[in-house]
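K.L.:
Contents are CSV, C-alpha atoms; file name coords_15.csv:
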```
chain,number,residue,atom,x,y,z
A,442,MET,CA,15.8,-5.5,-7.3
A,443,TYR,CA,13.8,-5.4,-10.5
A,444,THR,CA,12.5,-2.2,-12.0
A,445,ILE,CA,11.1,0.2,-9.4
A,446,LYS,CA,9.2,3.2,-10.8
A,447,ALA,CA,7.3,4.3,-7.7
A,448,ILE,CA,6.5,3.1,-4.2
A,449,ALA,CA,2.9,3.9,-3.1
A,450,PRO,CA,1.9,4.6,0.5
A,451,PRO,CA,1.8,3.3,3.1
A,452,LEU,CA,5.0,1.4,2.4
A,453,PRO,CA,7.4,4.5,2.5
A,454,LYS,CA,5.6,6.0,5.4
A,455,HIS,CA,5.9,2.9,7.6
A,456,TYR,CA,9.1,1.3,6.4
A,457,PHE,CA,11.4,3.8,4.7
A,458,THR,CA,10.6,7.3,6.0
A,459,PRO,CA,11.3,6.6,9.7
A,460,VAL,CA,14.8,5.4,9.0
A,461,GLU,CA,15.6,7.3,5.8
A,462,ASN,CA,18.3,9.5,7.5
A,463,ALA,CA,19.5,6.8,9.9
A,464,ARG,CA,20.3,4.0,7.5
A,465,PRO,CA,23.3,5.1,5.2
A,466,ASN,CA,23.6,1.5,4.0
A,467,TRP,CA,20.0,1.5,2.5
A,468,LEU,CA,19.9,2.5,-1.1
A,469,ILE,CA,16.8,2.5,-3.3
A,470,LEU,CA,18.0,2.5,-6.9
A,471,THR,CA,15.1,3.4,-9.2
A,472,GLU,CA,14.9,2.8,-13.0
A,473,HIS,CA,17.3,-0.1,-12.9
A,474,GLN,CA,16.8,-3.8,-13.4
A,475,VAL,CA,18.7,-6.8,-12.1
A,476,THR,CA,19.7,-9.0,-15.1
A,477,LYS,CA,21.5,-11.9,-13.3
A,478,ILE,CA,22.6,-13.3,-10.0
A,479,ASN,CA,26.3,-14.0,-10.0
A,480,PHE,CA,27.7,-17.1,-8.2
A,481,SER,CA,31.2,-18.0,-7.0
A,482,GLY,CA,32.1,-21.7,-7.6
A,483,THR,CA,30.2,-24.4,-9.2
A,484,SER,CA,29.8,-27.2,-6.6
A,485,LEU,CA,26.5,-27.5,-4.7
A,486,PRO,CA,25.3,-25.7,-2.7
A,487,VAL,CA,26.3,-22.5,-4.7
A,488,THR,CA,26.9,-19.2,-3.1
A,489,ALA,CA,25.8,-15.9,-4.7
A,490,SER,CA,28.6,-13.3,-4.9
A,491,GLY,CA,26.3,-10.5,-6.0
A,492,VAL,CA,24.1,-9.3,-8.8
A,493,GLU,CA,24.4,-7.8,-12.3
A,494,PHE,CA,22.1,-4.9,-13.1
A,495,ALA,CA,21.4,-2.4,-15.8
A,496,PRO,CA,19.4,0.6,-16.6
A,497,SER,CA,15.8,-0.5,-17.1
A,498,ALA,CA,15.7,1.2,-20.5
A,499,GLY,CA,17.8,-1.6,-21.9
A,500,GLY,CA,21.1,-1.6,-23.7
A,501,SER,CA,24.4,-3.3,-23.1
A,502,THR,CA,25.6,-1.4,-20.0
A,503,ARG,CA,26.0,-3.6,-17.0
A,504,TYR,CA,27.0,-3.0,-13.4
A,505,THR,CA,27.9,-5.4,-10.6
A,506,VAL,CA,27.1,-5.1,-6.9
A,507,PHE,CA,28.7,-7.6,-4.5
A,508,ALA,CA,26.9,-9.3,-1.6
A,509,ARG,CA,28.6,-9.6,1.7
A,510,ARG,CA,25.9,-11.8,3.2
A,511,GLU,CA,23.1,-12.8,0.8
A,512,VAL,CA,20.9,-11.8,-2.2
A,513,ILE,CA,17.2,-11.3,-1.5
A,514,VAL,CA,15.0,-11.5,-4.6
A,515,ALA,CA,11.7,-9.7,-4.5
A,516,ALA,CA,10.7,-9.4,-8.1
A,517,GLY,CA,7.3,-10.9,-8.0
A,518,ALA,CA,5.7,-14.2,-9.2
A,519,ILE,CA,6.5,-13.4,-12.9
A,520,GLN,CA,10.0,-11.8,-12.8
A,521,THR,CA,11.5,-13.8,-9.9
A,522,PRO,CA,11.4,-17.1,-11.8
A,523,ALA,CA,12.6,-15.4,-14.9
A,524,LEU,CA,15.6,-13.9,-13.0
A,525,LEU,CA,16.4,-17.3,-11.4
A,526,GLN,CA,16.3,-19.0,-14.8
A,527,LEU,CA,18.5,-16.3,-16.3
A,528,SER,CA,20.9,-17.0,-13.5
A,529,GLY,CA,21.1,-20.7,-14.2
A,530,ILE,CA,18.5,-21.9,-11.7
A,531,GLY,CA,15.7,-23.8,-13.3
A,532,ASP,CA,14.9,-26.7,-15.7
A,533,SER,CA,18.0,-27.6,-17.6
A,534,ALA,CA,15.8,-28.7,-20.5
A,535,ILE,CA,14.7,-25.1,-20.9
A,536,LEU,CA,17.9,-23.4,-20.0
A,537,GLY,CA,20.3,-25.5,-22.1
A,538,PRO,CA,18.8,-24.7,-25.5
A,539,LEU,CA,18.9,-21.0,-24.7
A,540,GLY,CA,22.6,-21.2,-23.8
A,541,VAL,CA,22.2,-20.7,-20.1
A,542,GLN,CA,24.6,-22.6,-18.0
A,543,THR,CA,22.5,-24.7,-15.5
A,544,ARG,CA,23.9,-24.2,-12.0
A,545,ILE,CA,20.9,-25.8,-10.2
A,546,ASP,CA,18.6,-28.1,-12.1
A,547,LEU,CA,15.5,-27.1,-10.2
A,548,LYS,CA,12.8,-28.0,-12.6
A,549,THR,CA,9.8,-26.3,-10.9
A,550,VAL,CA,11.2,-22.8,-11.1
A,551,GLY,CA,8.4,-20.9,-13.0
A,552,ARG,CA,5.9,-23.7,-12.6
A,553,ASN,CA,2.9,-23.8,-10.3
A,554,LEU,CA,1.7,-20.4,-11.5
A,555,GLN,CA,-1.8,-19.6,-10.1
A,556,GLU,CA,-3.9,-16.6,-11.1
A,557,GLN,CA,-7.5,-15.7,-10.6
A,558,PRO,CA,-9.9,-15.0,-13.5
A,559,MET,CA,-12.3,-12.1,-13.0
A,560,SER,CA,-15.7,-11.6,-14.5
A,561,ILE,CA,-17.4,-8.2,-14.5
A,562,PHE,CA,-21.1,-7.5,-14.2
A,563,GLY,CA,-23.0,-4.2,-14.4
A,564,ALA,CA,-26.5,-2.7,-14.1
A,565,THR,CA,-27.9,0.6,-15.3
A,566,GLY,CA,-28.7,3.0,-12.5
A,567,ASN,CA,-32.0,4.7,-12.0
A,568,GLY,CA,-30.4,8.1,-11.3
A,569,PHE,CA,-29.2,7.4,-7.7
A,570,ASP,CA,-26.1,9.2,-6.5
A,571,VAL,CA,-23.2,6.9,-7.3
A,572,GLY,CA,-21.0,9.1,-5.2
A,573,GLY,CA,-23.2,8.7,-2.1
A,574,ARG,CA,-22.1,6.8,1.0
A,575,GLY,CA,-23.1,3.4,2.2
A,576,PRO,CA,-21.7,0.3,3.8
A,577,PRO,CA,-19.3,-1.7,1.7
A,578,ASP,CA,-19.9,-5.4,1.3
A,579,ALA,CA,-18.2,-8.6,0.1
A,580,ILE,CA,-19.8,-12.0,-0.3
A,581,THR,CA,-18.2,-15.3,-0.7
A,582,ASN,CA,-19.6,-18.4,-2.3
A,583,GLU,CA,-18.4,-21.9,-1.3
A,584,THR,CA,-18.8,-25.1,-3.2
A,585,ALA,CA,-17.1,-28.5,-2.8
A,586,GLN,CA,-18.9,-30.6,-5.5
A,587,ARG,CA,-16.8,-33.5,-6.9
A,588,MET,CA,-13.7,-32.0,-5.5
A,589,LEU,CA,-12.2,-35.0,-3.8
A,590,ALA,CA,-13.2,-37.5,-6.4
A,591,ASP,CA,-11.8,-35.5,-9.4
A,592,ILE,CA,-8.4,-34.7,-7.9
A,593,PRO,CA,-6.6,-37.4,-9.9
A,594,ILE,CA,-8.1,-36.1,-13.2
A,595,TRP,CA,-7.0,-32.5,-12.5
A,596,ALA,CA,-3.5,-33.6,-11.3
A,597,ARG,CA,-3.1,-35.5,-14.6
A,598,SER,CA,-4.2,-32.6,-16.7
A,599,GLN,CA,-2.0,-30.0,-14.9
A,600,ALA,CA,1.1,-32.2,-14.4
A,601,GLU,CA,3.3,-30.2,-16.8
A,602,ALA,CA,2.8,-27.1,-14.6
A,603,GLY,CA,4.0,-29.0,-11.5
A,604,LEU,CA,6.8,-31.4,-10.5
A,605,SER,CA,4.7,-34.4,-11.3
A,606,GLU,CA,1.2,-35.8,-11.4
A,607,GLU,CA,1.7,-37.5,-8.0
A,608,ALA,CA,3.1,-34.3,-6.4
A,609,LEU,CA,0.1,-32.3,-7.6
A,610,LYS,CA,-2.3,-34.9,-6.2
A,611,ILE,CA,-0.8,-34.3,-2.8
A,612,ILE,CA,-1.0,-30.5,-3.2
A,613,TYR,CA,-4.6,-30.7,-4.5
A,614,GLU,CA,-5.6,-32.9,-1.5
A,615,VAL,CA,-4.4,-30.2,0.8
A,616,GLN,CA,-6.2,-27.5,-1.2
A,617,ALA,CA,-9.5,-29.6,-1.3
A,618,ASP,CA,-9.3,-30.2,2.5
A,619,LEU,CA,-9.1,-26.5,3.1
A,620,ILE,CA,-12.2,-26.0,1.0
A,621,VAL,CA,-14.3,-29.0,2.0
A,622,ASN,CA,-13.3,-29.4,5.7
A,623,LYS,CA,-12.0,-25.9,6.7
A,624,ASN,CA,-14.6,-23.8,4.9
A,625,ALA,CA,-12.0,-21.8,2.9
A,626,PRO,CA,-14.0,-19.4,0.6
A,627,VAL,CA,-13.6,-20.3,-3.1
A,628,SER,CA,-14.8,-17.1,-4.7
A,629,GLU,CA,-15.2,-13.4,-4.0
A,630,ILE,CA,-18.0,-11.0,-5.1
A,631,PHE,CA,-16.9,-7.3,-5.0
A,632,PHE,CA,-19.5,-4.6,-5.2
A,633,ASP,CA,-18.8,-1.2,-6.8
A,634,THR,CA,-20.6,1.9,-7.9
A,635,ASP,CA,-20.0,3.8,-11.1
A,636,TRP,CA,-17.9,1.0,-12.6
A,637,PRO,CA,-18.2,-0.7,-15.0
A,638,THR,CA,-21.8,0.8,-15.0
A,639,ALA,CA,-23.8,2.7,-12.3
A,640,VAL,CA,-23.9,-0.5,-10.3
A,641,GLY,CA,-21.2,-3.0,-10.7
A,642,ILE,CA,-19.9,-6.4,-9.5
A,643,THR,CA,-16.6,-8.0,-10.1
A,644,MET,CA,-16.2,-11.6,-9.0
A,645,TRP,CA,-13.5,-14.2,-9.3
A,646,THR,CA,-12.4,-17.7,-8.2
A,647,LEU,CA,-10.1,-17.5,-5.2
A,648,LEU,CA,-8.6,-20.9,-5.1
A,649,PRO,CA,-8.2,-22.2,-8.7
A,650,PHE,CA,-6.9,-25.7,-9.3
A,651,SER,CA,-5.6,-24.7,-12.7
A,652,ARG,CA,-1.8,-24.3,-12.9
A,653,GLY,CA,0.5,-22.4,-15.3
A,654,THR,CA,4.1,-21.6,-16.1
A,655,VAL,CA,6.6,-18.8,-16.5
A,656,THR,CA,9.6,-19.5,-18.7
A,657,ILE,CA,12.3,-17.3,-20.2
A,658,LYS,CA,12.6,-17.4,-24.0
A,659,SER,CA,15.8,-15.5,-24.5
A,660,LEU,CA,19.1,-14.7,-22.9
A,661,ASP,CA,18.1,-11.0,-23.1
A,662,PRO,CA,16.8,-10.0,-19.6
A,663,PHE,CA,14.7,-7.3,-21.1
A,664,VAL,CA,12.6,-9.8,-23.2
A,665,TYR,CA,9.5,-10.7,-21.2
A,666,PRO,CA,9.2,-14.4,-20.3
A,667,THR,CA,6.5,-16.6,-21.8
A,668,ILE,CA,3.6,-16.7,-19.4
A,669,LYS,CA,1.1,-19.5,-19.7
A,670,VAL,CA,-1.6,-19.1,-17.0
A,671,ASN,CA,-4.0,-21.9,-18.1
A,672,TYR,CA,-7.1,-20.0,-16.8
A,673,LEU,CA,-10.1,-22.2,-16.1
A,674,ALA,CA,-8.2,-25.3,-17.3
A,675,THR,CA,-9.9,-27.6,-14.8
A,676,ASP,CA,-13.7,-28.0,-14.9
A,677,ILE,CA,-14.1,-27.2,-11.2
A,678,ASP,CA,-12.7,-23.7,-11.8
A,679,MET,CA,-15.3,-23.1,-14.5
A,680,ASP,CA,-18.1,-24.6,-12.3
A,681,ILE,CA,-17.2,-22.2,-9.5
A,682,GLN,CA,-17.0,-19.2,-11.8
A,683,ILE,CA,-20.5,-20.1,-13.2
A,684,ALA,CA,-22.0,-20.6,-9.8
A,685,THR,CA,-20.6,-17.2,-8.7
A,686,ALA,CA,-21.9,-15.6,-11.9
A,687,ARG,CA,-25.4,-16.8,-11.1
A,688,LEU,CA,-25.1,-15.5,-7.6
A,689,SER,CA,-23.9,-12.2,-8.9
A,690,ARG,CA,-26.9,-11.9,-11.2
A,691,ARG,CA,-29.2,-12.8,-8.4
A,692,ILE,CA,-27.7,-10.0,-6.2
A,693,LEU,CA,-28.1,-7.5,-9.0
A,694,THR,CA,-31.7,-8.4,-9.7
A,695,THR,CA,-32.8,-8.6,-6.0
A,696,PRO,CA,-33.7,-5.8,-3.6
A,697,PRO,CA,-32.1,-3.7,-2.4
A,698,LEU,CA,-29.8,-3.4,-5.5
A,699,SER,CA,-32.7,-3.9,-7.9
A,700,ASN,CA,-34.4,-0.9,-6.3
A,701,ILE,CA,-31.7,1.5,-7.7
A,702,THR,CA,-31.2,-0.1,-11.1
A,703,THR,CA,-33.2,-0.3,-14.3
A,704,GLY,CA,-31.9,-3.7,-15.3
A,705,GLU,CA,-28.7,-5.8,-15.9
A,706,GLN,CA,-26.5,-4.4,-18.6
A,707,ILE,CA,-23.5,-6.7,-18.3
A,708,PRO,CA,-23.7,-9.5,-19.4
A,709,GLY,CA,-27.4,-8.8,-20.2
A,710,ASN,CA,-28.7,-10.6,-23.3
A,711,ALA,CA,-25.3,-12.2,-23.9
A,712,VAL,CA,-26.4,-14.7,-21.2
A,713,PRO,CA,-30.2,-15.0,-21.4
A,714,ASP,CA,-31.9,-15.2,-18.0
A,715,ASN,CA,-34.1,-18.2,-17.2
A,716,ILE,CA,-35.1,-20.2,-14.1
A,717,GLN,CA,-31.5,-21.3,-13.7
A,718,ARG,CA,-30.3,-17.7,-14.0
A,719,GLY,CA,-28.6,-18.6,-17.3
A,720,THR,CA,-27.6,-22.0,-18.8
A,721,ASP,CA,-24.2,-23.5,-18.2
A,722,ALA,CA,-23.3,-23.3,-21.9
A,723,ALA,CA,-24.2,-19.6,-22.1
A,724,TRP,CA,-22.3,-18.7,-19.0
A,725,LYS,CA,-19.2,-20.7,-20.1
A,726,ALA,CA,-19.1,-19.0,-23.5
A,727,TRP,CA,-19.5,-15.5,-22.0
A,728,ILE,CA,-16.9,-16.1,-19.2
A,729,GLN,CA,-14.3,-17.6,-21.6
A,730,SER,CA,-14.7,-14.5,-23.9
A,731,ASN,CA,-14.7,-11.8,-21.2
A,732,TYR,CA,-12.7,-12.7,-18.2
A,733,VAL,CA,-9.7,-10.6,-17.2
A,734,ALA,CA,-6.8,-11.2,-14.8
A,735,VAL,CA,-7.2,-10.2,-11.2
A,736,ALA,CA,-3.4,-9.7,-11.1
A,737,HIS,CA,-2.7,-11.9,-8.0
A,738,PRO,CA,-0.1,-14.3,-9.5
A,739,VAL,CA,1.6,-16.6,-7.0
A,740,GLY,CA,3.4,-19.9,-6.7
A,741,THR,CA,6.3,-19.9,-9.2
A,742,ALA,CA,9.0,-20.2,-6.6
A,743,ALA,CA,7.0,-22.1,-4.0
A,744,MET,CA,7.9,-22.7,-0.4
A,745,MET,CA,7.3,-26.5,-0.3
A,746,ARG,CA,9.2,-29.7,0.1
A,747,ARG,CA,11.4,-30.2,-2.8
A,748,SER,CA,9.8,-33.5,-3.5
A,749,LEU,CA,6.5,-31.7,-4.1
A,750,GLY,CA,8.0,-29.2,-6.4
A,751,GLY,CA,9.2,-26.6,-4.0
A,752,VAL,CA,11.8,-24.0,-5.0
A,753,VAL,CA,12.6,-22.4,-1.6
A,754,ASP,CA,12.8,-24.0,1.9
A,755,ALA,CA,11.2,-22.9,5.2
A,756,GLN,CA,13.9,-20.2,5.5
A,757,LEU,CA,12.9,-18.9,2.0
A,758,LYS,CA,16.3,-19.9,0.7
A,759,VAL,CA,16.4,-21.4,-2.9
A,760,TYR,CA,17.3,-25.0,-2.7
A,761,ASP,CA,21.0,-25.8,-3.2
A,762,THR,CA,22.0,-22.2,-2.5
A,763,THR,CA,23.6,-20.9,0.6
A,764,ASN,CA,22.5,-17.3,0.5
A,765,VAL,CA,19.7,-16.6,-2.1
A,766,ARG,CA,16.3,-15.9,-0.6
A,767,VAL,CA,13.0,-15.1,-2.3
A,768,VAL,CA,10.6,-12.8,-0.5
A,769,ASP,CA,7.5,-12.1,-2.7
A,770,ALA,CA,4.3,-13.7,-3.9
A,771,SER,CA,6.1,-16.4,-5.9
A,772,VAL,CA,6.9,-18.3,-2.6
A,773,ILE,CA,3.2,-18.7,-1.7
A,774,PRO,CA,2.5,-22.3,-2.7
A,775,MET,CA,-1.2,-22.0,-3.4
A,776,GLN,CA,-3.7,-19.2,-3.8
A,777,ILE,CA,-5.3,-17.6,-0.7
A,778,SER,CA,-8.9,-16.6,0.0
A,779,ALA,CA,-7.9,-12.9,0.3
A,780,HIS,CA,-6.2,-10.1,-1.5
A,781,LEU,CA,-2.4,-10.4,-1.7
A,782,SER,CA,-1.2,-7.1,-0.2
A,783,ALA,CA,-1.7,-7.8,3.5
A,784,THR,CA,-0.5,-11.3,3.2
A,785,LEU,CA,2.7,-10.2,1.4
A,786,TYR,CA,3.3,-7.6,4.2
A,787,GLY,CA,3.2,-10.6,6.6
A,788,VAL,CA,5.5,-12.6,4.4
A,789,ALA,CA,8.0,-9.7,4.4
A,790,GLU,CA,7.8,-9.3,8.1
A,791,LYS,CA,8.4,-13.0,8.7
A,792,ALA,CA,11.3,-13.0,6.2
A,793,ALA,CA,12.9,-10.0,8.1
A,794,ASP,CA,12.7,-12.0,11.3
A,795,LEU,CA,14.2,-15.1,9.6
A,796,ILE,CA,17.1,-13.0,8.1
A,797,LYS,CA,17.8,-11.2,11.4
A,798,THR,CA,17.8,-14.4,13.4
A,799,SER,CA,20.1,-16.1,10.9
A,800,HIS,CA,22.6,-13.3,10.9
A,801,SER,CA,22.5,-12.7,14.6
A,802,ARG,CA,24.1,-16.1,15.0
A,803,HIS,CA,27.1,-14.8,13.0
A,804,GLY,CA,27.6,-11.5,14.7
A,805,SER,CA,26.5,-8.0,13.5
A,806,LEU,CA,23.7,-7.5,11.0
A,807,VAL,CA,25.5,-4.5,9.5
```
For this file, produce the structure as structure tokens.

P.N.:
Amino acid sequence: MYTIKAIAPPLPKHYFTPVENARPNWLILTEHQVTKINFSGTSLPVTASGVEFAPSAGGSTRYTVFARREVIVAAGAIQTPALLQLSGIGDSAILGPLGVQTRIDLKTVGRNLQEQPMSIFGATGNGFDVGGRGPPDAITNETAQRMLADIPIWARSQAEAGLSEEALKIIYEVQADLIVNKNAPVSEIFFDTDWPTAVGITMWTLLPFSRGTVTIKSLDPFVYPTIKVNYLATDIDMDIQIATARLSRRILTTPPLSNITTGEQIPGNAVPDNIQRGTDAAWKAWIQSNYVAVAHPVGTAAMMRRSLGGVVDAQLKVYDTTNVRVVDASVIPMQISAHLSATLYGVAEKAADLIKTSHSRHGSLV
């Protein structure tokens, strides 16, 4: 229950509108923000008694709502770990200096952050109708060079954003197997018209090996947490971004797209073309200076074994709690070769089944 300003279709149409008048116990409270999860007792496992919340404009006003069964957190991959940390669930080395009482010393809350870096290409049009109709297309580029051999190097370099170097090695081995042996796509090329120029391409690495962190820096719940994404921190992520950049350039400069353009505008002369379609050094410099976030963050309250750095179990319950579940992108342990929305609908549907099954064993769901 973090800040909710608006809900875009089709969510209301399919989930809220059909039961709006039939569910008197369903309240959507807009323009408010949960500031802390309250717990009763101190011995593990702890039980949440409810949540504290406040107007999202800030200030000292606080309200409390009590939970009869459980607290379900769906604040996203950035704010969910921040809320857990504010509530005393996280790395005691971070919480203690801020004055937060550690209830569960779960060190990986906020770690394992994964986001995708996007590079943008464009070509000047030759006057074609950018509002015209045509088939959409998306192209993936797969590469597996050095992947298995370099896993120990990447695990060592990213260890601070995971539970440990050894845990990350195991996770990376799973990720590499999906790419090398299961043909999981590692990048996406997205075609557009009239953005950023008449003919445009946006592309990004889908399954980065780089890992980052989300940590609170204040007891004030309205202070944004520190977000360290570590974009392109492993060499394989940059290699994939460069390979996809070259493919994007090839697509823009090859028929049929070259038939409707007068030449590449972005990056243009910033990455001089040659027989390689640009040198590694030129591409790296341009990518580092111009990438933007795709806004698909995942992984900061991962559903994994605790020994690998997991925060929630297979029932989506936070370890060492009896009734706190997380249902959002933070539970996804590694990035996916897709956009997040449809996957998150699936996560939510599965979570609903888990919750209903759990409570049906104890009587009414109401």

K.L.:
Kindly indicate which residue among A:Leu619, A:Ala534, A:Leu524, A:Ala489 lies nearest to Glu511 (chain A), using all atoms listed in the file for the distances.

P.N.:
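Among A:Leu619, A:Ala534, A:Leu524, A:Ala489, it is A:Ala489 that comes nearest to Glu511 (chain A).
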
K.L.:
Using all atoms listed in the file, which of the listed residues (A:Ser651, A:Asn671, A:Ser528, A:Ser801) sits closest to Tyr613 (chain A)?

P.N.:
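Comparing A:Ser651, A:Asn671, A:Ser528, A:Ser801 against Tyr613 (chain A), the winner is A:Ser651.
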
K.L.:
What gap, in Å, lies between CA of Phe631 (chain A) and CA of Val772 (chain A)?

P.N.:
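Between CA of Phe631 (chain A) and CA of Val772 (chain A) the gap works out to 26.3 Å.
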
K.L.:
Which value, in Å to one decimal, gives the distance between CA of Thr646 (chain A) and CA of Ile773 (chain A)?

P.N.:
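A separation of 16.9 Å between them.
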
K.L.:
Using all atoms listed in the file, which residue out of A:Thr675, A:Thr656, A:Gln756, A:Gln474 lies closest to Ile594 (chain A)?

P.N.:
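Residue with the minimum atom-to-atom distance to Ile594 (chain A): A:Thr675.
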
K.L.:
Would you be able to write out as a PyMOL selection string which residues have an atom within 12 Å of (-36.4, -3.1, -17.0) in the file's coordinates, counting only C-alpha atoms?

P.N.:
chain A and resi 564-567+694+699-706+709

K.L.:
For the residues in that selection, give me C-alpha atoms as a tab-separated table (two decimals), in the coordinates of the input.

P.N.:
```tsv
chain	number	residue	atom	x	y	z
A	564	ALA	CA	-26.50	-2.70	-14.10
A	565	THR	CA	-27.90	0.60	-15.30
A	566	GLY	CA	-28.70	3.00	-12.50
A	567	ASN	CA	-32.00	4.70	-12.00
A	694	THR	CA	-31.70	-8.40	-9.70
A	699	SER	CA	-32.70	-3.90	-7.90
A	700	ASN	CA	-34.40	-0.90	-6.30
A	701	ILE	CA	-31.70	1.50	-7.70
A	702	THR	CA	-31.20	-0.10	-11.10
A	703	THR	CA	-33.20	-0.30	-14.30
A	704	GLY	CA	-31.90	-3.70	-15.30
A	705	GLU	CA	-28.70	-5.80	-15.90
A	706	GLN	CA	-26.50	-4.40	-18.60
A	709	GLY	CA	-27.40	-8.80	-20.20
```

K.L.:
Interatomic distance between CA of Ala755 (chain A) and CA of Leu648 (chain A)?

P.N.:
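These atoms are spaced 22.4 Å apart.
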
K.L.:
Counting only C-alpha atoms, which of A:Thr521, A:Ser560, A:Val752, A:Glu629 gets nearest to Lys725 (chain A)?

P.N.:
A:Ser560

K.L.:
Need the shell around region 739-751 of chain A: protein/DNA/RNA residues with any atom at most 7 Å away, counting all atoms listed in the file. Skip same-chain ones fewer than 5 positions apart. Format as a list in words?

P.N.:
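Residues meeting the cut-off are Ala518, Pro522, Thr549, Val550, Gly551, Arg552, Asn553, Leu554, Gln555, Glu556, Gly603, Leu604, Ala608, Leu757, Ala770, Ser771, Val772, Ile773, Pro774, Met775 and Gln776 of chain A.
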
K.L.:
Need the shell around Thr762 (chain A): protein/DNA/RNA residues with any atom at most 7 Å away, counting all atoms listed in the file. Skip same-chain ones fewer than 5 positions apart. Format as a list in words?

P.N.:
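Surrounding residues, per the criterion: Pro486, Val487 and Thr488 of chain A.
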
K.L.:
Under the rule that only C-alpha atoms are counted, which of A:Leu589, A:Val506, A:Ala783, A:Leu539 is the nearest residue to Lys658 (chain A)?

P.N.:
A:Leu539

K.L.:
Using all atoms listed in the file, find the one residue out of A:Val733, A:Gly491, A:Thr543, A:Phe663 that sits nearest to His473 (chain A).

P.N.:
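So, comparing all the options, the nearest one is A:Phe663.
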
K.L.:
Would you mind listing what lies within 12 Å of Ala722 (chain A) as a ChimeraX atom specification, with only C-alpha atoms counted and same-chain residues fewer than 3 positions away left out?

P.N.:
/A:679-680,683,711-713,717-719,725-729

K.L.:
Which protein, DNA or RNA residues are at most 6 Å from (-8.4, -21.4, -13.4) in the file's coordinates when you count all atoms listed in the file, listed as a list in words?

P.N.:
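Protein and nucleic acid residues near the point are Pro649, Ser651, Tyr672, Leu673, Ala674 and Asp678 of chain A.
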
K.L.:
At a cut-off of 12 Å, using all atoms listed in the file, what residues contact Tyr786 (chain A)? Leave out same-chain residues fewer than 3 positions from it and give the result as a compact mmCIF listing (two decimals) with C-alpha atoms, in the frame of the given file.

P.N.:
```
# COMPACT_ATOMS: atom_id res chain seq x y z
CA PRO A 451 1.80 3.30 3.10
CA LEU A 452 5.00 1.40 2.40
CA HIS A 455 5.90 2.90 7.60
CA TYR A 456 9.10 1.30 6.40
CA VAL A 768 10.60 -12.80 -0.50
CA ASP A 769 7.50 -12.10 -2.70
CA ALA A 770 4.30 -13.70 -3.90
CA HIS A 780 -6.20 -10.10 -1.50
CA LEU A 781 -2.40 -10.40 -1.70
CA SER A 782 -1.20 -7.10 -0.20
CA ALA A 783 -1.70 -7.80 3.50
CA ALA A 789 8.00 -9.70 4.40
CA GLU A 790 7.80 -9.30 8.10
CA LYS A 791 8.40 -13.00 8.70
CA ALA A 792 11.30 -13.00 6.20
CA ALA A 793 12.90 -10.00 8.10
```
